[in-house]
>>> print(open('work27.cif').read())   # mmCIF, C-alpha atoms and all ligand atoms
data_upload
loop_
_atom_site.label_atom_id
_atom_site.label_comp_id
_atom_site.auth_asym_id
_atom_site.auth_seq_id
_atom_site.Cartn_x
_atom_site.Cartn_y
_atom_site.Cartn_z
CA MET R 24 -45.66 71.73 56.04
CA GLU R 25 -42.68 69.72 54.91
CA SER R 26 -42.33 69.18 51.20
CA LEU R 27 -44.07 66.34 49.43
CA PRO R 28 -42.29 63.87 47.14
CA CYS R 29 -44.27 64.90 44.06
CA GLN R 30 -41.51 65.81 41.64
CA GLY R 31 -40.95 63.18 38.99
CA CYS R 32 -44.08 61.27 39.99
CA LYS R 33 -45.80 62.28 36.75
CA GLY R 34 -49.20 62.59 38.42
CA MET R 35 -49.59 59.03 39.63
CA CYS R 36 -52.07 60.21 42.26
CA CYS R 37 -53.92 62.36 39.73
CA GLY R 38 -56.70 60.08 38.59
CA PRO R 39 -60.43 60.82 38.43
CA VAL R 40 -61.31 62.74 41.62
CA PRO R 41 -64.63 63.75 43.22
CA VAL R 42 -65.52 67.43 42.99
CA SER R 43 -68.11 69.58 44.73
CA GLU R 44 -70.35 72.08 42.98
CA GLN R 45 -68.32 74.97 44.38
CA GLU R 46 -65.03 73.38 43.26
CA LEU R 47 -66.45 72.90 39.80
CA LYS R 48 -67.32 76.60 39.66
CA ASN R 49 -63.81 77.51 40.82
CA ILE R 50 -62.25 75.32 38.12
CA LYS R 51 -64.49 76.83 35.44
CA LYS R 52 -63.40 80.30 36.50
CA LYS R 53 -59.74 79.24 36.43
CA ILE R 54 -60.05 77.74 32.95
CA LYS R 55 -61.82 80.87 31.65
CA MET R 56 -58.90 82.96 32.89
CA MET R 57 -56.41 80.93 30.82
CA SER R 58 -55.31 82.28 27.47
CA PRO R 59 -56.79 80.29 24.56
CA LYS R 60 -53.25 79.15 23.72
CA ASN R 61 -52.52 77.82 27.23
CA ARG R 62 -55.90 76.14 27.42
CA LEU R 63 -55.39 74.38 24.10
CA GLU R 64 -51.89 73.28 25.06
CA LEU R 65 -53.14 71.78 28.32
CA GLU R 66 -56.25 70.28 26.78
CA ASN R 67 -54.40 68.58 23.95
CA GLN R 68 -51.69 66.89 25.96
CA ILE R 69 -51.50 63.12 25.64
CA ARG R 70 -52.15 61.52 29.03
CA TYR R 71 -52.24 58.00 30.33
CA TYR R 72 -55.71 56.49 30.47
CA GLY R 73 -57.22 57.51 33.80
CA THR R 74 -54.94 60.47 34.42
CA CYS R 75 -56.77 63.68 35.39
CA ILE R 76 -57.72 65.86 32.43
CA PHE R 77 -55.98 68.80 34.11
CA TYR R 78 -52.69 67.09 34.81
CA ASP R 79 -49.89 68.93 32.99
CA GLN R 80 -47.68 66.10 31.71
CA VAL R 81 -45.20 68.45 30.10
CA ASN R 82 -44.44 70.42 33.26
CA ASP R 83 -45.09 67.54 35.71
CA LYS R 84 -47.66 69.45 37.80
CA CYS R 85 -51.33 70.22 38.28
CA GLY R 86 -52.54 72.45 35.46
CA ILE R 87 -55.14 74.17 37.66
CA HIS R 88 -53.16 74.20 40.91
CA SER R 89 -54.78 77.21 42.64
CA ALA R 90 -58.26 75.83 41.84
CA ARG R 91 -57.59 72.13 42.49
CA PRO R 92 -60.30 70.29 44.45
CA SER R 93 -60.04 69.69 48.20
CA ILE R 94 -59.27 65.98 47.78
CA CYS R 95 -56.13 66.93 45.84
CA ARG R 96 -55.10 69.27 48.67
CA ALA R 97 -55.75 66.49 51.20
CA PHE R 98 -53.79 63.81 49.36
CA VAL R 99 -50.92 62.26 51.38
CA LEU R 100 -52.33 63.56 54.67
CA TYR R 101 -55.19 61.11 55.37
CA LYS R 102 -55.52 57.39 55.96
CA ASN R 103 -57.63 56.88 52.82
CA LEU R 104 -55.34 59.09 50.69
CA VAL R 105 -51.93 57.56 51.32
CA CYS R 106 -49.02 58.29 48.99
CA PHE R 107 -46.85 55.22 48.47
CA ARG R 108 -43.81 57.50 48.39
CA LYS R 109 -44.56 58.92 51.81
CA PRO R 110 -46.99 56.72 53.73
CA GLU R 111 -45.78 58.04 57.09
CA ALA R 112 -47.37 61.44 56.34
CA ALA R 113 -50.90 60.02 56.53
CA ALA R 114 -52.93 60.80 59.66
CA ALA R 115 -55.18 58.25 61.36
CA ALA R 116 -58.34 60.01 60.16
CA ASN R 117 -60.06 59.50 56.82
CA TRP R 118 -60.78 62.37 54.42
CA ASN R 119 -64.43 63.14 53.62
CA MET R 120 -65.91 65.70 51.25
CA LYS R 121 -67.56 68.50 53.21
CA GLU R 122 -69.36 70.26 50.36
CA VAL R 123 -72.17 69.23 48.02
CA TYR R 124 -70.92 66.47 45.73
CA ALA R 125 -71.19 67.24 42.00
CA GLY R 126 -69.51 64.27 40.31
CA ILE R 127 -66.20 62.82 39.21
CA LEU R 128 -63.74 65.05 37.45
CA SER R 129 -62.39 63.46 34.23
CA LYS R 130 -65.40 61.09 34.05
CA ASP R 131 -68.57 63.16 34.62
CA PHE R 132 -66.84 66.43 33.70
CA THR R 133 -64.43 66.58 30.80
CA TRP R 134 -62.87 69.42 28.81
CA LYS R 135 -66.11 70.04 26.92
CA ASP R 136 -67.69 71.16 30.22
CA PHE R 137 -65.14 73.94 30.78
S1 LIG W 1 -56.96 68.66 39.72
FE1 LIG W 1 -54.73 68.78 39.68
S2 LIG W 1 -54.02 67.85 41.61
FE2 LIG W 1 -56.16 67.23 41.28
S3 LIG W 1 -56.10 65.25 40.22
FE3 LIG W 1 -56.22 66.85 38.64
S4 LIG W 1 -54.11 67.35 38.08
FE4 LIG W 1 -54.06 66.23 40.03
#
>>> encode(input="work27.cif", output="structure tokens")
Amino acid sequence: MESLPCQGCKGMCCGPVPVSEQELKNIKKKIKMMSPKNRLELENQIRYYGTCIFYDQVNDKCGIHSARPSICRAFVLYKNLVCFRKPEAAAAANWNMKEVYAGILSKDFTWKDF
């Protein structure tokens, strides 16, 4: 897939996102694998209100990239997940969650849950 225009965006698409139960488990596993130092550094970053709790402001990237939820992987590519920097990449179809919904990451699940 061609590259996405994410660099320098500072996580503008990384707001509260829906997660499934399985995705939540995957994220918990990923966080447990982090060193206490890395976890604390990520957890204590100052973020804009509404920015995802896992967004790494310092390094301008997702802090849990390999365990990010499916909606984050789908962003840019669907009609209901358009990126204003690359609207032409969106397909005609809408994205829908295919697994069992658990809640909203950053709202229903915060750092104290991981
Ligand atoms: S999990 Fe990662 S990609 Fe998804 S909203 Fe949070 S920081 Fe962004």
>>> atom_distance(input="work27.cif", atom1="atom CA of Lys55 of chain R", atom2="atom S4 of ligand LIG 1 (chain W)")
16.8 Å
>>> residues_around(input="work27.cif", residues="Ser43 of chain R", least_positions_apart="5", cutoff="8 Å", atoms="only C-alpha atoms", output="JSON, numbers by chain")
{"R": [92, 120, 122, 123, 124, 125, 126]}
>>> atom_distance(input="work27.cif", atom1="atom CA of Lys84 of chain R", atom2="atom CA of Lys53 of chain R")
15.6 Å
>>> axis_aligned_box(input="work27.cif", around="ligand LIG 1 (chain W)", padding_each_side="3 Å", output="JSON")
{"center_x": -55.5, "center_y": 67.0, "center_z": 39.8, "size_x": 8.9, "size_y": 9.5, "size_z": 9.5}
>>> atom_distance(input="work27.cif", atom1="atom S3 of ligand LIG 1 (chain W)", atom2="atom CA of Lys52 of chain R")
17.1 Å
>>> decode(input="work27.cif", residues="segment 89-106 of chain R", atoms="N, CA and C atoms", output="compact mmCIF listing (two decimals), in the first residue's frame")
# COMPACT_ATOMS: atom_id res chain seq x y z
N SER R 89 1.83 -2.17 17.08
CA SER R 89 1.54 -3.56 16.66
C SER R 89 0.25 -4.09 17.28
N ALA R 90 -0.27 -3.42 18.31
CA ALA R 90 -1.50 -3.87 18.97
C ALA R 90 -2.64 -2.88 18.77
N ARG R 91 -2.50 -1.94 17.85
CA ARG R 91 -3.54 -0.92 17.68
C ARG R 91 -4.84 -1.57 17.19
N PRO R 92 -5.97 -1.00 17.57
CA PRO R 92 -7.26 -1.57 17.18
C PRO R 92 -7.51 -1.53 15.67
N SER R 93 -8.47 -2.32 15.23
CA SER R 93 -8.74 -2.43 13.79
C SER R 93 -9.20 -1.10 13.18
N ILE R 94 -9.89 -0.27 13.94
CA ILE R 94 -10.34 1.01 13.36
C ILE R 94 -9.13 1.89 13.02
N CYS R 95 -8.07 1.77 13.81
CA CYS R 95 -6.86 2.56 13.52
C CYS R 95 -6.19 2.05 12.24
N ARG R 96 -6.24 0.74 12.05
CA ARG R 96 -5.67 0.15 10.83
C ARG R 96 -6.50 0.52 9.61
N ALA R 97 -7.79 0.73 9.82
CA ALA R 97 -8.71 1.02 8.71
C ALA R 97 -8.75 2.50 8.35
N PHE R 98 -8.24 3.34 9.22
CA PHE R 98 -8.34 4.78 9.00
C PHE R 98 -7.72 5.18 7.66
N VAL R 99 -8.35 6.10 6.98
CA VAL R 99 -7.96 6.61 5.66
C VAL R 99 -8.63 5.81 4.53
N LEU R 100 -8.89 4.52 4.78
CA LEU R 100 -9.29 3.63 3.69
C LEU R 100 -10.80 3.46 3.50
N TYR R 101 -11.61 4.05 4.38
CA TYR R 101 -13.07 3.87 4.29
C TYR R 101 -13.80 5.21 4.25
N LYS R 102 -15.01 5.16 3.74
CA LYS R 102 -15.80 6.38 3.55
C LYS R 102 -16.07 7.09 4.88
N ASN R 103 -16.26 6.33 5.96
CA ASN R 103 -16.53 6.95 7.26
C ASN R 103 -15.25 7.17 8.08
N LEU R 104 -14.09 6.97 7.45
CA LEU R 104 -12.81 7.18 8.15
C LEU R 104 -11.84 7.95 7.25
N VAL R 105 -12.35 9.03 6.70
CA VAL R 105 -11.56 9.80 5.72
C VAL R 105 -10.49 10.65 6.42
N CYS R 106 -9.31 10.69 5.82
CA CYS R 106 -8.25 11.57 6.30
C CYS R 106 -8.28 12.84 5.45
